[in-house]
file protein28.txt (compact mmCIF, C-alpha atoms and all ligand atoms)
# COMPACT_ATOMS: atom_id res chain seq x y z
CA MET B 1 71.56 31.28 14.64
CA LYS B 2 73.50 28.16 13.62
CA ILE B 3 73.60 25.41 16.21
CA LEU B 4 75.73 22.27 15.99
CA GLY B 5 73.76 19.47 17.65
CA ILE B 6 75.21 16.23 19.00
CA GLU B 7 73.19 13.09 19.83
CA SER B 8 74.49 9.82 21.33
CA SER B 9 71.81 8.71 23.79
CA CYS B 10 71.38 5.16 22.43
CA ASP B 11 72.88 3.51 19.36
CA GLU B 12 73.21 6.36 16.85
CA THR B 13 76.17 8.75 16.85
CA ALA B 14 74.84 11.89 15.21
CA ALA B 15 75.77 15.51 14.54
CA ALA B 16 73.88 18.16 12.59
CA ILE B 17 73.89 21.89 11.95
CA ILE B 18 70.54 23.66 12.17
CA GLU B 19 69.78 27.27 11.37
CA ASP B 20 67.08 29.05 13.42
CA GLY B 21 65.54 25.80 14.63
CA THR B 22 64.09 24.84 11.27
CA LYS B 23 66.66 24.70 8.47
CA VAL B 24 68.89 21.64 8.19
CA LEU B 25 72.34 22.64 6.88
CA SER B 26 73.81 19.18 7.47
CA ASN B 27 72.76 15.95 9.11
CA VAL B 28 75.10 13.02 9.78
CA VAL B 29 73.97 9.81 11.49
CA ASN B 30 76.26 6.87 12.13
CA SER B 31 73.95 3.99 13.05
CA GLN B 32 75.17 1.01 15.06
CA VAL B 33 72.12 -1.07 14.12
CA LYS B 34 74.17 -3.69 12.25
CA ILE B 35 76.50 -4.18 15.22
CA HIS B 36 73.65 -4.69 17.70
CA ALA B 37 71.48 -6.77 15.32
CA GLU B 38 73.87 -9.65 15.91
CA PHE B 39 72.88 -9.62 19.62
CA GLY B 40 69.15 -8.99 19.01
CA GLY B 41 69.23 -5.66 20.86
CA VAL B 42 71.45 -2.79 22.02
CA VAL B 43 74.45 -3.86 24.13
CA PRO B 44 75.25 -0.74 26.24
CA GLU B 45 79.04 -1.30 26.52
CA VAL B 46 79.35 -1.97 22.79
CA ALA B 47 77.27 1.14 22.06
CA ALA B 48 79.47 3.38 24.23
CA ARG B 49 82.67 2.08 22.63
CA SER B 50 81.28 2.58 19.16
CA HIS B 51 80.27 6.19 20.02
CA VAL B 52 83.86 6.89 21.12
CA GLU B 53 85.15 5.75 17.71
CA ALA B 54 82.55 7.66 15.71
CA ILE B 55 82.04 10.95 17.52
CA ASN B 56 84.96 13.01 16.14
CA PRO B 57 84.57 11.95 12.50
CA VAL B 58 80.79 12.50 12.69
CA VAL B 59 81.23 16.07 14.04
CA GLU B 60 83.89 16.85 11.41
CA MET B 61 81.71 15.41 8.68
CA THR B 62 78.73 17.56 9.64
CA LEU B 63 80.83 20.76 9.32
CA GLU B 64 82.19 19.54 6.00
CA GLN B 65 78.74 18.66 4.68
CA ALA B 66 77.41 22.12 5.55
CA ASN B 67 80.56 23.69 4.10
CA LEU B 68 81.06 25.64 7.34
CA THR B 69 83.90 26.18 9.82
CA TRP B 70 83.76 26.60 13.59
CA ASP B 71 83.69 30.39 13.10
CA ASP B 72 80.22 30.02 11.56
CA ILE B 73 78.79 28.09 14.52
CA ASP B 74 76.92 30.14 17.15
CA ALA B 75 76.29 27.42 19.74
CA ILE B 76 76.62 23.72 20.53
CA ALA B 77 73.76 21.54 21.81
CA VAL B 78 73.88 18.01 23.16
CA THR B 79 71.50 15.35 24.45
CA HIS B 80 72.34 14.86 28.14
CA ALA B 81 69.19 12.93 29.17
CA PRO B 82 67.62 10.38 29.19
CA GLY B 83 69.32 7.32 27.67
CA LEU B 84 72.15 4.88 28.25
CA SER B 85 74.63 6.52 30.62
CA GLY B 86 77.80 5.35 28.82
CA SER B 87 76.38 6.46 25.47
CA LEU B 88 75.19 9.86 26.74
CA LEU B 89 78.58 10.45 28.33
CA VAL B 90 80.44 10.27 25.01
CA GLY B 91 78.31 12.97 23.37
CA VAL B 92 78.26 15.16 26.48
CA LEU B 93 82.04 15.02 26.96
CA ALA B 94 82.61 15.80 23.27
CA ALA B 95 80.20 18.75 23.43
CA ARG B 96 81.70 20.09 26.68
CA THR B 97 85.23 19.90 25.27
CA LEU B 98 84.23 21.58 21.99
CA ALA B 99 82.28 24.30 23.81
CA ILE B 100 85.34 25.12 25.93
CA ILE B 101 87.95 24.94 23.15
CA LYS B 102 85.88 26.68 20.48
CA LYS B 103 84.39 29.16 23.01
CA LYS B 104 80.74 28.47 22.13
CA PRO B 105 77.66 28.60 24.36
CA LEU B 106 76.45 25.11 25.28
CA TYR B 107 72.84 23.93 25.55
CA ALA B 108 71.69 20.62 27.03
CA VAL B 109 68.59 19.02 25.54
CA HIS B 110 66.20 16.31 26.67
CA HIS B 111 65.95 13.44 24.18
CA ILE B 112 62.17 12.95 24.36
CA LEU B 113 61.45 16.64 23.92
CA SER B 114 63.90 16.90 21.04
CA HIS B 115 61.99 14.15 19.19
CA PHE B 116 58.99 16.53 19.20
CA TYR B 117 61.11 19.42 17.87
CA ALA B 118 61.97 17.26 14.81
CA ASN B 119 58.55 18.43 13.62
CA PHE B 120 59.88 21.97 13.16
CA LEU B 121 62.31 20.65 10.53
CA SER B 122 59.51 19.35 8.32
CA ASN B 123 56.47 21.54 9.02
CA GLU B 124 55.95 25.29 8.70
CA ASN B 125 53.69 27.53 10.82
CA ILE B 126 52.84 24.97 13.48
CA GLU B 127 49.70 26.02 15.33
CA PHE B 128 49.63 25.67 19.12
CA PRO B 129 48.42 24.10 21.32
CA VAL B 130 49.93 20.89 19.94
CA LEU B 131 49.10 17.46 21.31
CA SER B 132 52.16 15.28 20.70
CA LEU B 133 52.47 11.50 20.85
CA THR B 134 56.15 10.66 21.26
CA VAL B 135 56.82 6.98 20.72
CA SER B 136 60.31 5.50 20.76
CA GLY B 137 62.34 2.55 22.01
CA GLY B 138 62.43 4.01 25.52
CA HIS B 139 59.24 6.06 25.84
CA SER B 140 55.56 6.42 25.00
CA GLN B 141 54.26 9.84 26.01
CA LEU B 142 51.36 12.19 25.40
CA VAL B 143 52.43 15.80 25.86
CA LEU B 144 50.42 18.98 25.40
CA TYR B 145 52.56 21.89 24.16
CA LYS B 146 51.06 25.32 24.94
CA ASN B 147 53.79 26.96 22.84
CA GLU B 148 57.43 26.28 21.87
CA PHE B 149 58.56 26.43 25.52
CA GLU B 150 55.72 25.35 27.80
CA PHE B 151 54.26 21.89 28.00
CA THR B 152 52.34 19.46 30.23
CA GLN B 153 52.92 15.72 30.23
CA LEU B 154 49.49 14.05 30.12
CA GLY B 155 50.69 10.47 30.25
CA THR B 156 53.80 8.35 30.03
CA THR B 157 55.33 4.89 29.93
CA THR B 158 54.45 2.70 32.90
CA ASP B 159 56.37 -0.42 31.81
CA ASP B 160 57.63 -1.37 28.32
CA ALA B 161 57.72 1.49 25.80
CA VAL B 162 55.91 0.79 22.55
CA GLY B 163 59.16 0.61 20.51
CA GLU B 164 60.55 -1.79 23.09
CA ALA B 165 57.41 -3.94 22.65
CA PHE B 166 57.95 -3.95 18.85
CA ASP B 167 61.56 -5.07 19.42
CA LYS B 168 60.69 -7.76 21.97
CA VAL B 169 57.76 -9.17 19.96
CA ALA B 170 59.98 -9.34 16.86
CA LYS B 171 62.57 -11.29 18.84
CA ILE B 172 59.98 -13.78 20.14
CA ILE B 173 58.58 -14.53 16.67
CA GLY B 174 61.96 -14.56 14.93
CA LEU B 175 62.07 -11.23 13.10
CA PRO B 176 65.32 -9.22 13.05
CA TYR B 177 66.35 -6.25 15.23
CA PRO B 178 65.17 -3.50 15.18
CA GLY B 179 61.70 -5.01 15.43
CA GLY B 180 59.69 -1.96 14.37
CA PRO B 181 60.63 -1.84 10.68
CA ALA B 182 60.61 -5.67 10.46
CA ILE B 183 57.09 -5.93 11.91
CA GLU B 184 55.86 -3.08 9.72
CA LYS B 185 57.18 -4.85 6.61
CA VAL B 186 55.47 -8.20 7.21
CA SER B 187 52.27 -6.52 8.42
CA LYS B 188 51.73 -5.29 4.87
CA ILE B 189 50.96 -8.88 3.83
CA GLY B 190 49.69 -10.36 7.12
CA GLU B 191 46.20 -11.03 8.39
CA ASN B 192 44.83 -9.44 11.58
CA ARG B 193 43.90 -12.91 12.82
CA PHE B 194 44.56 -12.73 16.58
CA LYS B 195 42.71 -10.54 19.08
CA PHE B 196 45.10 -9.15 21.67
CA PRO B 197 44.07 -7.26 24.83
CA LYS B 198 44.28 -3.49 25.20
CA PRO B 199 45.47 -2.95 28.76
CA LYS B 200 43.71 -0.36 30.93
CA THR B 201 45.80 2.17 32.86
CA GLN B 202 44.72 4.14 35.94
CA ASN B 203 45.57 7.40 34.17
CA PRO B 204 43.93 6.89 30.75
CA TYR B 205 46.81 8.77 29.08
CA ASP B 206 49.52 6.47 30.48
CA PHE B 207 50.84 3.61 28.37
CA SER B 208 51.36 -0.04 29.26
CA PHE B 209 52.67 -2.46 26.65
CA SER B 210 54.10 -5.31 28.71
CA GLY B 211 50.71 -7.08 28.92
CA LEU B 212 50.36 -6.96 25.14
CA LYS B 213 53.87 -8.34 24.75
CA THR B 214 53.02 -11.22 27.13
CA ALA B 215 49.76 -11.91 25.24
CA VAL B 216 51.81 -12.22 22.04
CA LEU B 217 54.20 -14.60 23.78
CA ARG B 218 51.29 -16.80 24.97
CA GLN B 219 49.71 -16.81 21.48
CA ALA B 220 53.03 -17.80 19.88
CA GLN B 221 53.44 -20.61 22.43
CA ALA B 222 49.85 -21.77 21.74
CA GLN B 223 50.42 -21.74 17.96
CA ILE B 224 53.22 -24.30 18.35
CA GLY B 225 51.21 -26.39 20.82
CA LYS B 226 53.20 -25.43 23.92
CA ASP B 227 52.23 -23.88 27.26
CA TYR B 228 53.59 -20.85 29.13
CA THR B 229 56.61 -22.79 30.41
CA PHE B 230 58.09 -23.17 26.92
CA PRO B 231 61.16 -20.89 26.59
CA SER B 232 60.59 -17.82 24.42
CA PHE B 233 63.95 -18.13 22.64
CA LYS B 234 62.91 -21.52 21.20
CA ILE B 235 59.57 -20.36 19.78
CA ALA B 236 60.78 -18.79 16.54
CA GLU B 237 62.37 -21.96 15.16
CA ASN B 238 59.06 -23.82 15.59
CA LEU B 239 56.66 -21.12 14.38
CA SER B 240 55.23 -21.29 10.84
CA GLU B 241 55.83 -18.30 8.60
CA LYS B 242 52.08 -17.70 8.33
CA ASP B 243 51.70 -17.57 12.13
CA GLN B 244 54.79 -15.34 12.44
CA ILE B 245 53.40 -12.83 9.94
CA ASP B 246 49.87 -12.88 11.34
CA ILE B 247 51.05 -12.47 14.95
CA ALA B 248 53.19 -9.49 13.84
CA THR B 249 50.22 -7.97 12.00
CA SER B 250 47.80 -8.49 14.89
CA PHE B 251 50.33 -7.03 17.35
CA GLN B 252 50.93 -3.94 15.18
CA THR B 253 47.18 -3.42 14.68
CA THR B 254 46.55 -3.59 18.44
CA ALA B 255 49.50 -1.30 19.29
CA ILE B 256 48.33 1.32 16.78
CA ASP B 257 44.75 1.05 18.06
CA ILE B 258 45.99 1.76 21.59
CA LEU B 259 48.12 4.72 20.49
CA THR B 260 45.36 6.21 18.34
CA SER B 261 42.55 5.77 20.86
CA LYS B 262 44.53 7.29 23.75
CA THR B 263 45.49 10.25 21.58
CA LYS B 264 41.84 10.61 20.50
CA LEU B 265 40.75 10.71 24.14
CA ALA B 266 43.23 13.51 24.88
CA TYR B 267 42.26 15.26 21.62
CA ASP B 268 38.59 15.33 22.64
CA GLU B 269 39.43 16.60 26.13
CA TYR B 270 42.06 19.25 25.28
CA LYS B 271 40.98 20.22 21.75
CA PRO B 272 44.45 21.06 20.41
CA LYS B 273 44.91 22.92 17.11
CA THR B 274 47.48 20.36 15.94
CA VAL B 275 48.30 16.71 16.61
CA ALA B 276 51.96 15.69 16.27
CA LEU B 277 53.78 12.39 16.04
CA ALA B 278 57.42 11.97 17.07
CA GLY B 279 60.05 9.34 17.87
CA GLY B 280 61.29 6.18 16.18
CA VAL B 281 57.90 4.43 16.11
CA SER B 282 56.40 7.43 14.26
CA ALA B 283 58.29 6.13 11.21
CA ASN B 284 55.61 3.42 11.07
CA SER B 285 53.44 4.02 7.99
CA ALA B 286 50.36 2.33 9.47
CA LEU B 287 50.56 4.60 12.53
CA ARG B 288 51.03 7.66 10.31
CA GLU B 289 47.99 6.61 8.24
CA SER B 290 45.89 6.02 11.35
CA PHE B 291 46.71 9.53 12.62
CA SER B 292 46.04 11.16 9.25
CA LYS B 293 42.67 9.41 9.16
CA ASN B 294 41.62 10.20 12.73
CA PHE B 295 42.80 13.79 13.24
CA ASP B 296 42.31 16.95 11.21
CA ASN B 297 45.58 18.80 11.51
CA VAL B 298 48.36 16.25 11.85
CA ILE B 299 52.10 16.90 11.59
CA MET B 300 54.88 14.35 11.62
CA PRO B 301 58.63 14.44 11.02
CA GLU B 302 60.10 13.24 7.74
CA PHE B 303 61.14 9.58 8.05
CA LYS B 304 64.83 10.42 8.54
CA PHE B 305 63.98 12.67 11.52
CA CYS B 306 61.74 10.10 13.28
CA THR B 307 64.52 7.86 14.54
CA ASP B 308 67.47 9.26 16.51
CA ASN B 309 69.30 12.15 14.88
CA ALA B 310 71.02 15.38 15.91
CA ALA B 311 68.99 17.72 13.71
CA MET B 312 66.21 17.59 16.31
CA VAL B 313 68.78 18.45 18.99
CA GLY B 314 69.76 21.62 17.13
CA ALA B 315 66.07 22.43 16.62
CA GLN B 316 65.15 22.11 20.29
CA ALA B 317 68.19 24.09 21.43
CA TYR B 318 67.22 27.02 19.20
CA PHE B 319 63.81 27.39 20.86
CA TRP B 320 65.26 26.59 24.29
CA ALA B 321 67.94 29.27 23.88
CA GLN B 322 65.23 31.93 23.69
CA LYS B 323 64.15 31.18 27.26
CA HIS B 324 67.16 29.56 28.92
CA ASP B 325 70.77 30.55 29.61
CA PRO B 326 73.54 28.34 28.25
CA ILE B 327 74.77 25.61 30.57
CA ASN B 328 78.21 25.52 32.24
CA PRO B 329 80.46 23.36 30.02
CA TYR B 330 82.68 22.50 33.00
CA THR B 331 79.88 20.92 35.01
CA LEU B 332 77.23 19.51 32.62
CA ASP B 333 76.51 15.89 33.56
CA VAL B 334 74.45 13.11 32.00
CA ASP B 335 71.07 12.28 33.57
CA PRO B 336 69.97 8.85 32.25
CA ASN B 337 66.52 8.89 33.90
CA LEU B 338 65.50 12.56 33.82
CA SER B 339 61.74 13.03 33.30
CA ILE B 340 60.44 15.98 31.29
CA ASN B 341 58.46 16.92 34.42
CA ASP B 342 61.76 17.75 36.12
CA LEU B 343 62.95 20.26 33.53
O1 LIG B 401 63.61 7.18 18.69
P1 LIG B 401 64.41 5.96 18.42
O2 LIG B 401 65.28 5.95 17.19
O3 LIG B 401 65.34 5.63 19.64
C1 LIG B 401 64.93 5.79 20.96
O4 LIG B 401 64.89 6.94 21.44
O5 LIG B 401 64.55 4.74 21.55
O6 LIG B 401 63.37 4.75 18.38
C2 LIG B 401 63.80 3.45 18.16
C3 LIG B 401 62.58 2.56 18.22
C4 LIG B 401 62.91 1.07 18.14
O7 LIG B 401 62.21 0.41 19.17
C5 LIG B 401 62.39 0.67 16.77
O8 LIG B 401 61.95 -0.67 16.69
C6 LIG B 401 61.26 1.65 16.57
O9 LIG B 401 61.72 2.85 17.11
N1 LIG B 401 60.95 1.84 15.15
C7 LIG B 401 59.75 1.50 14.61
C8 LIG B 401 59.87 1.75 13.21
N2 LIG B 401 61.12 2.26 12.97
C9 LIG B 401 61.75 2.31 14.18
N3 LIG B 401 58.64 0.98 15.15
C10 LIG B 401 57.61 0.71 14.34
N4 LIG B 401 57.65 0.90 13.00
C11 LIG B 401 58.75 1.43 12.40
N5 LIG B 401 58.76 1.62 11.08
ZN ZN B 402 64.99 8.49 20.36

call {"tool": "encode", "arguments": {"input": "protein28.txt", "output": "structure tokens"}}
result
Amino acid sequence: MKILGIESSCDETAAAIIEDGTKVLSNVVNSQVKIHAEFGGVVPEVAARSHVEAINPVVEMTLEQANLTWDDIDAIAVTHAPGLSGSLLVGVLAARTLAIIKKKPLYAVHHILSHFYANFLSNENIEFPVLSLTVSGGHSQLVLYKNEFEFTQLGTTTDDAVGEAFDKVAKIIGLPYPGGPAIEKVSKIGENRFKFPKPKTQNPYDFSFSGLKTAVLRQAQAQIGKDYTFPSFKIAENLSEKDQIDIATSFQTTAIDILTSKTKLAYDEYKPKTVALAGGVSANSALRESFSKNFDNVIMPEFKFCTDNAAMVGAQAYFWAQKHDPINPYTLDVDPNLSINDL
């Protein structure tokens, strides 16, 4: 079964063709990172407009790359939740229109789940149950998958997602957007000099990163001899390079400690056969190393399938299609805040 997936939930316009949930026939991603870098973060209106410009060429390119025509495509899948509403709308309207005109069944996928299904593109014979840590710009979640269709959310984001914390910390200390790759790069040469707190959550599997972000802000203010009233946007220009790099390193070390120890807690309680990483932050080499060191049977997506892409959309839809009917292309709507518990 060949599924054409479409993804536009944030700042990547992407289309891909996936065969039987595992084989990537084509994968096209048009990233808006350079456009948003100028503003230090994603500007929703700019993102939506850029999706409108890119969506048709990206879909055409993915067919071309796979050397296929519409006759070869069995179904269309699209991310309809969660994400930025204007961005989601562009992909959903494109997918609805194509499903109607080309007479293809349409499947709607959930962005956070589809990050997990990216693992099927890079790993064979995945053994269930799988404990998955999905970490992105919008979410930090621990999910236990009983099989390809059934799952339980053990814990989720209670304030800032971990990727969001990477982006905000980078901005405070003067590293470019997106913060994740920038912090990872300097952490290779930095010193773990500052001790940051690891916030407690009522549900031990929930995630809270806003306290860590504030602790970084206070440390950065202290390093330049200022108190908490000093504006965060003025810190970077006063911070020494050594302090910038060491704060980044200490932040990354603490964030990875939190992610690893919470996953370890769930691992000991639920004893899964496999531990999976997923989402943009799973591109972080230090996090990947920490997981490889701490867990026996670890799977993770290839780097190109960690951050937003449509290959994972096609992968999820394949497994989903075995249990769910296609969705009505005349009525499918976006759902910017849909939790996986409501699926
Ligand atoms: O999954 P994703 O592409 O988009 C969302 O669904 O949010 O994740 C983007 C997030 C950003 O916050 C970015 O800073 C983070 O993933 N990220 C990383 C790395 N690469 C991307 N964080 C840490 N280390 C990285 N190498
Ligand atoms: Zn994502």

call {"tool": "residues_near_ligand", "arguments": {"input": "protein28.txt", "ligand": "ligand LIG 401 (chain B)", "cutoff": "7 Å", "atoms": "only C-alpha atoms and all ligand atoms", "output": "ChimeraX atom specification"}}
result
/B:10,136-139,163-164,166-167,178-181,183-184,279-285,306-308

call {"tool": "closest_residue", "arguments": {"input": "protein28.txt", "among": "B:Thr201, B:Leu131, B:His115, B:Ser187", "to": "B:Phe295", "atoms": "only C-alpha atoms"}}
result
B:Leu131

call {"tool": "closest_residue", "arguments": {"input": "protein28.txt", "among": "B:His51, B:Lys23, B:Arg96, B:Arg193", "to": "B:Pro326", "atoms": "all atoms listed in the file"}}
result
B:Arg96

call {"tool": "residues_around", "arguments": {"input": "protein28.txt", "residues": "stretch 53-61 of chain B", "least_positions_apart": "3", "cutoff": "9 Å", "atoms": "only C-alpha atoms", "output": "PyMOL selection string"}}
result
chain B and resi 4-6+8+13-16+26-30+48-50+64-66+90-91+94

call {"tool": "atom_distance", "arguments": {"input": "protein28.txt", "atom1": "atom CA of B:Glu12", "atom2": "atom CA of B:Leu217"}}
result
29.1 Å

call {"tool": "residues_around", "arguments": {"input": "protein28.txt", "residues": "stretch 314-316 of chain B", "least_positions_apart": "6", "cutoff": "12 Å", "atoms": "all atoms listed in the file", "output": "PyMOL selection string"}}
result
chain B and resi 1-7+14-27+73-79+106-122+148-149+305+322-324

call {"tool": "write_last_selection", "arguments": {"input": "protein28.txt", "atoms": "C-alpha atoms", "output": "compact mmCIF listing (two decimals), keeping the file's coordinate frame"}}
result
# COMPACT_ATOMS: atom_id res chain seq x y z
CA MET B 1 71.56 31.28 14.64
CA LYS B 2 73.50 28.16 13.62
CA ILE B 3 73.60 25.41 16.21
CA LEU B 4 75.73 22.27 15.99
CA GLY B 5 73.76 19.47 17.65
CA ILE B 6 75.21 16.23 19.00
CA GLU B 7 73.19 13.09 19.83
CA ALA B 14 74.84 11.89 15.21
CA ALA B 15 75.77 15.51 14.54
CA ALA B 16 73.88 18.16 12.59
CA ILE B 17 73.89 21.89 11.95
CA ILE B 18 70.54 23.66 12.17
CA GLU B 19 69.78 27.27 11.37
CA ASP B 20 67.08 29.05 13.42
CA GLY B 21 65.54 25.80 14.63
CA THR B 22 64.09 24.84 11.27
CA LYS B 23 66.66 24.70 8.47
CA VAL B 24 68.89 21.64 8.19
CA LEU B 25 72.34 22.64 6.88
CA SER B 26 73.81 19.18 7.47
CA ASN B 27 72.76 15.95 9.11
CA ILE B 73 78.79 28.09 14.52
CA ASP B 74 76.92 30.14 17.15
CA ALA B 75 76.29 27.42 19.74
CA ILE B 76 76.62 23.72 20.53
CA ALA B 77 73.76 21.54 21.81
CA VAL B 78 73.88 18.01 23.16
CA THR B 79 71.50 15.35 24.45
CA LEU B 106 76.45 25.11 25.28
CA TYR B 107 72.84 23.93 25.55
CA ALA B 108 71.69 20.62 27.03
CA VAL B 109 68.59 19.02 25.54
CA HIS B 110 66.20 16.31 26.67
CA HIS B 111 65.95 13.44 24.18
CA ILE B 112 62.17 12.95 24.36
CA LEU B 113 61.45 16.64 23.92
CA SER B 114 63.90 16.90 21.04
CA HIS B 115 61.99 14.15 19.19
CA PHE B 116 58.99 16.53 19.20
CA TYR B 117 61.11 19.42 17.87
CA ALA B 118 61.97 17.26 14.81
CA ASN B 119 58.55 18.43 13.62
CA PHE B 120 59.88 21.97 13.16
CA LEU B 121 62.31 20.65 10.53
CA SER B 122 59.51 19.35 8.32
CA GLU B 148 57.43 26.28 21.87
CA PHE B 149 58.56 26.43 25.52
CA PHE B 305 63.98 12.67 11.52
CA GLN B 322 65.23 31.93 23.69
CA LYS B 323 64.15 31.18 27.26
CA HIS B 324 67.16 29.56 28.92

call {"tool": "closest_residue", "arguments": {"input": "protein28.txt", "among": "B:Glu269, B:Asp325, B:Asp342, B:Asp159", "to": "B:Phe207", "atoms": "only C-alpha atoms"}}
result
B:Asp159

call {"tool": "closest_residue", "arguments": {"input": "protein28.txt", "among": "B:Glu150, B:Lys195, B:Leu175, B:Asn294", "to": "B:Ala236", "atoms": "all atoms listed in the file"}}
result
B:Leu175

call {"tool": "residues_around", "arguments": {"input": "protein28.txt", "residues": "B:Lys242", "least_positions_apart": "6", "cutoff": "10 Å", "atoms": "all atoms listed in the file", "output": "list of chain:residue names"}}
result
B:Ile189, B:Gly190, B:Glu191, B:Ala248

call {"tool": "atom_distance", "arguments": {"input": "protein28.txt", "atom1": "atom CA of B:Asp72", "atom2": "atom CA of B:Ala99"}}
result
13.7 Å

call {"tool": "residues_around", "arguments": {"input": "protein28.txt", "residues": "B:Asp335", "least_positions_apart": "5", "cutoff": "10 Å", "atoms": "all atoms listed in the file", "output": "PyMOL selection string"}}
result
chain B and resi 79-85+88-89+110

call {"tool": "write_last_selection", "arguments": {"input": "protein28.txt", "atoms": "C-alpha atoms", "output": "PDB file, in the frame of the given file"}}
result
ATOM      1  CA  THR B  79      71.500  15.350  24.450  1.00  0.00           C
ATOM      2  CA  HIS B  80      72.340  14.860  28.140  1.00  0.00           C
ATOM      3  CA  ALA B  81      69.190  12.930  29.170  1.00  0.00           C
ATOM      4  CA  PRO B  82      67.620  10.380  29.190  1.00  0.00           C
ATOM      5  CA  GLY B  83      69.320   7.320  27.670  1.00  0.00           C
ATOM      6  CA  LEU B  84      72.150   4.880  28.250  1.00  0.00           C
ATOM      7  CA  SER B  85      74.630   6.520  30.620  1.00  0.00           C
ATOM      8  CA  LEU B  88      75.190   9.860  26.740  1.00  0.00           C
ATOM      9  CA  LEU B  89      78.580  10.450  28.330  1.00  0.00           C
ATOM     10  CA  HIS B 110      66.200  16.310  26.670  1.00  0.00           C
TER      11      HIS B 110
END

call {"tool": "closest_residue", "arguments": {"input": "protein28.txt", "among": "B:Pro199, B:Gly40, B:Ser132, B:Lys168", "to": "B:Ile299", "atoms": "only C-alpha atoms"}}
result
B:Ser132

call {"tool": "closest_residue", "arguments": {"input": "protein28.txt", "among": "B:Leu343, B:Val186, B:Val162, B:Leu277", "to": "B:Asp246", "atoms": "all atoms listed in the file"}}
result
B:Val186

call {"tool": "atom_distance", "arguments": {"input": "protein28.txt", "atom1": "atom CA of B:Leu154", "atom2": "atom CA of B:Ala215"}}
result
26.4 Å

call {"tool": "axis_aligned_box", "arguments": {"input": "protein28.txt", "around": "stretch 311-318 of chain B", "padding_each_side": "5 Å", "output": "JSON"}}
result
{"center_x": 67.5, "center_y": 22.3, "center_z": 17.6, "size_x": 14.6, "size_y": 19.4, "size_z": 17.7}
